[in-house]
file structure-v1.pdb (PDB, C-alpha atoms)
ATOM      1  CA  MET K 105      -7.609  55.032  12.862  1.00  0.00           C
ATOM      2  CA  CYS K 106     -10.059  52.533  11.317  1.00  0.00           C
ATOM      3  CA  PHE K 107     -10.465  54.752   8.273  1.00  0.00           C
ATOM      4  CA  ALA K 108      -6.707  54.814   7.678  1.00  0.00           C
ATOM      5  CA  ALA K 109      -6.540  51.016   7.972  1.00  0.00           C
ATOM      6  CA  ALA K 110      -9.433  50.603   5.537  1.00  0.00           C
ATOM      7  CA  VAL K 111      -7.825  52.964   3.007  1.00  0.00           C
ATOM      8  CA  THR K 112      -4.525  51.061   3.300  1.00  0.00           C
ATOM      9  CA  LEU K 113      -6.216  47.706   2.787  1.00  0.00           C
ATOM     10  CA  VAL K 114      -8.177  48.929  -0.232  1.00  0.00           C
ATOM     11  CA  SER K 115      -5.080  50.427  -1.829  1.00  0.00           C
ATOM     12  CA  LEU K 116      -3.132  47.205  -1.266  1.00  0.00           C
ATOM     13  CA  TRP K 117      -5.967  45.191  -2.784  1.00  0.00           C
ATOM     14  CA  LEU K 118      -6.129  47.476  -5.824  1.00  0.00           C
ATOM     15  CA  THR K 119      -2.349  47.293  -6.254  1.00  0.00           C
ATOM     16  CA  ALA K 120      -2.203  43.500  -5.957  1.00  0.00           C
ATOM     17  CA  GLY K 121      -5.251  42.953  -8.192  1.00  0.00           C
ATOM     18  CA  SER K 122      -7.558  39.939  -8.101  1.00  0.00           C
ATOM     19  CA  GLY K 123      -4.671  37.655  -7.135  1.00  0.00           C
ATOM     20  CA  ALA K 124      -4.962  39.082  -3.633  1.00  0.00           C
ATOM     21  CA  LEU K 125      -8.355  37.491  -3.179  1.00  0.00           C
ATOM     22  CA  ALA K 126      -8.568  34.101  -1.533  1.00  0.00           C
ATOM     23  CA  GLY K 127      -9.113  31.546  -4.251  1.00  0.00           C
ATOM     24  CA  GLY K 128      -7.951  33.942  -6.964  1.00  0.00           C
ATOM     25  CA  ARG K 129      -7.360  32.551 -10.435  1.00  0.00           C
ATOM     26  CA  GLU K 130      -4.181  30.647 -10.958  1.00  0.00           C
ATOM     27  CA  ASP K 131      -2.439  30.518 -14.312  1.00  0.00           C
ATOM     28  CA  ARG K 132      -2.264  26.742 -14.528  1.00  0.00           C
ATOM     29  CA  ALA K 133      -3.446  24.579 -17.370  1.00  0.00           C
ATOM     30  CA  PRO K 134      -6.302  22.269 -16.401  1.00  0.00           C
ATOM     31  CA  VAL K 135      -5.250  18.707 -15.640  1.00  0.00           C
ATOM     32  CA  ALA K 136      -6.505  16.259 -18.232  1.00  0.00           C
ATOM     33  CA  HIS K 137      -7.918  13.082 -16.729  1.00  0.00           C
ATOM     34  CA  GLU K 138      -8.293   9.758 -18.456  1.00  0.00           C
ATOM     35  CA  THR K 139     -11.755   8.257 -18.263  1.00  0.00           C
ATOM     36  CA  VAL K 140     -12.807   4.631 -18.257  1.00  0.00           C
ATOM     37  CA  VAL K 141     -16.185   2.984 -18.696  1.00  0.00           C
ATOM     38  CA  VAL K 142     -17.043   0.393 -16.050  1.00  0.00           C
ATOM     39  CA  LYS K 143     -17.521  -3.090 -17.515  1.00  0.00           C
ATOM     40  CA  PRO K 144     -20.032  -5.611 -16.111  1.00  0.00           C
ATOM     41  CA  GLY K 145     -18.667  -7.194 -12.941  1.00  0.00           C
ATOM     42  CA  GLU K 146     -15.767  -4.735 -12.683  1.00  0.00           C
ATOM     43  CA  THR K 147     -14.897  -3.095  -9.346  1.00  0.00           C
ATOM     44  CA  VAL K 148     -13.186   0.158  -8.464  1.00  0.00           C
ATOM     45  CA  TRP K 149     -10.345  -1.934  -6.999  1.00  0.00           C
ATOM     46  CA  GLU K 150      -9.755  -3.647 -10.365  1.00  0.00           C
ATOM     47  CA  ILE K 151      -9.911  -0.322 -12.174  1.00  0.00           C
ATOM     48  CA  ALA K 152      -7.398   1.148  -9.702  1.00  0.00           C
ATOM     49  CA  VAL K 153      -4.972  -1.756 -10.174  1.00  0.00           C
ATOM     50  CA  ASP K 154      -5.239  -1.481 -13.974  1.00  0.00           C
ATOM     51  CA  ALA K 155      -4.857   2.312 -13.874  1.00  0.00           C
ATOM     52  CA  ASP K 156      -1.717   2.345 -11.716  1.00  0.00           C
ATOM     53  CA  PRO K 157      -0.277  -1.120 -11.064  1.00  0.00           C
ATOM     54  CA  ASP K 158       2.816   0.299  -9.323  1.00  0.00           C
ATOM     55  CA  ASP K 159       0.914   2.274  -6.658  1.00  0.00           C
ATOM     56  CA  ASP K 160      -0.945   1.106  -3.545  1.00  0.00           C
ATOM     57  CA  PRO K 161      -4.447   0.121  -4.787  1.00  0.00           C
ATOM     58  CA  GLN K 162      -6.083   1.525  -1.647  1.00  0.00           C
ATOM     59  CA  LEU K 163      -4.648   4.973  -2.377  1.00  0.00           C
ATOM     60  CA  VAL K 164      -5.650   4.824  -6.044  1.00  0.00           C
ATOM     61  CA  VAL K 165      -9.192   3.705  -5.102  1.00  0.00           C
ATOM     62  CA  GLN K 166      -9.478   6.674  -2.722  1.00  0.00           C
ATOM     63  CA  ARG K 167      -8.244   9.079  -5.413  1.00  0.00           C
ATOM     64  CA  ILE K 168     -10.796   7.690  -7.870  1.00  0.00           C
ATOM     65  CA  LEU K 169     -13.608   8.031  -5.316  1.00  0.00           C
ATOM     66  CA  ASP K 170     -12.563  11.612  -4.505  1.00  0.00           C
ATOM     67  CA  LEU K 171     -12.120  12.627  -8.132  1.00  0.00           C
ATOM     68  CA  ASN K 172     -15.573  11.328  -9.048  1.00  0.00           C
ATOM     69  CA  GLY K 173     -17.354  12.740  -5.986  1.00  0.00           C
ATOM     70  CA  MET K 174     -18.330   9.280  -4.766  1.00  0.00           C
ATOM     71  CA  GLY K 175     -17.709   9.927  -1.074  1.00  0.00           C
ATOM     72  CA  GLY K 176     -16.797   6.616   0.546  1.00  0.00           C
ATOM     73  CA  ASP K 177     -19.088   4.516  -1.646  1.00  0.00           C
ATOM     74  CA  PRO K 178     -17.104   2.387  -4.119  1.00  0.00           C
ATOM     75  CA  THR K 179     -20.261   1.056  -5.803  1.00  0.00           C
ATOM     76  CA  VAL K 180     -20.134   1.355  -9.601  1.00  0.00           C
ATOM     77  CA  ARG K 181     -22.484   0.253 -12.383  1.00  0.00           C
ATOM     78  CA  PRO K 182     -21.707  -1.087 -15.847  1.00  0.00           C
ATOM     79  CA  GLY K 183     -21.527   1.769 -18.330  1.00  0.00           C
ATOM     80  CA  GLN K 184     -20.632   4.326 -15.671  1.00  0.00           C
ATOM     81  CA  GLN K 185     -17.777   6.648 -16.656  1.00  0.00           C
ATOM     82  CA  LEU K 186     -15.036   7.236 -14.105  1.00  0.00           C
ATOM     83  CA  ARG K 187     -12.287   9.823 -14.259  1.00  0.00           C
ATOM     84  CA  LEU K 188      -8.895   8.454 -13.284  1.00  0.00           C
ATOM     85  CA  PRO K 189      -6.211  10.423 -11.432  1.00  0.00           C
ATOM     86  CA  ALA K 190      -3.530  11.975 -13.644  1.00  0.00           C
ATOM     87  CA  ASP K 191       0.010  10.764 -13.140  1.00  0.00           C
TER      88      ASP K 191
END
call {"tool": "encode", "arguments": {"input": "structure-v1.pdb", "output": "structure tokens"}}
result
Amino acid sequence: MCFAAAVTLVSLWLTAGSGALAGGREDRAPVAHETVVVKPGETVWEIAVDADPDDDPQLVVQRILDLNGMGGDPTVRPGQQLRLPAD
């Protein structure tokens, strides 16, 4: 019984190809992100407001932190490059 199930699963996997794997490749173009260079005295909040003045700054700040792998720390330094969320 287990052998039959294993054979069925393998044949389904071979038929479906690598797309059947979790995290399989998707045929999407990579999203291009704009980058900014932090100026002296500038904060992530100011960058967020400039980047998307029509959106809630708190949400944009969180997206910037997530996109740049900053965890919950919004500390930036002059000269630091930050990727901004794509529209």
call {"tool": "atom_distance", "arguments": {"input": "structure-v1.pdb", "atom1": "CA of Asp170 in chain K", "atom2": "CA of Leu186 in chain K"}}
result
10.8 Å
call {"tool": "closest_residue", "arguments": {"input": "structure-v1.pdb", "among": "K:Leu169, K:Val180, K:Met174, K:Ala190", "to": "Glu146 in chain K", "atoms": "all atoms listed in the file"}}
result
K:Val180
call {"tool": "residues_around", "arguments": {"input": "structure-v1.pdb", "residues": "Val164 in chain K", "least_positions_apart": "6", "cutoff": "10 Å", "atoms": "only C-alpha atoms", "output": "MDAnalysis selection string"}}
result
chainID K and resid 148:149 151:153 155:157 170 188:189
call {"tool": "atom_distance", "arguments": {"input": "structure-v1.pdb", "atom1": "CA of Thr147 in chain K", "atom2": "CA of Asp159 in chain K"}}
result
16.9 Å
call {"tool": "atom_distance", "arguments": {"input": "structure-v1.pdb", "atom1": "CA of Lys143 in chain K", "atom2": "CA of Pro182 in chain K"}}
result
4.9 Å
call {"tool": "resolve_selection", "arguments": {"input": "structure-v1.pdb", "expression": "the PyMOL selection byres ((chain K and resi 184) around 6)", "output": "NGL selection string"}}
result
:K and (141-142 or 181-183 or 185)
call {"tool": "axis_aligned_box", "arguments": {"input": "structure-v1.pdb", "around": "range 140-155 of chain K", "padding_each_side": "4 Å", "output": "lines of an AutoDock Vina configuration file"}}
result
center_x = -12.4
center_y = -1.3
center_z = -12.8
size_x = 23.2
size_y = 19.8
size_z = 19.7
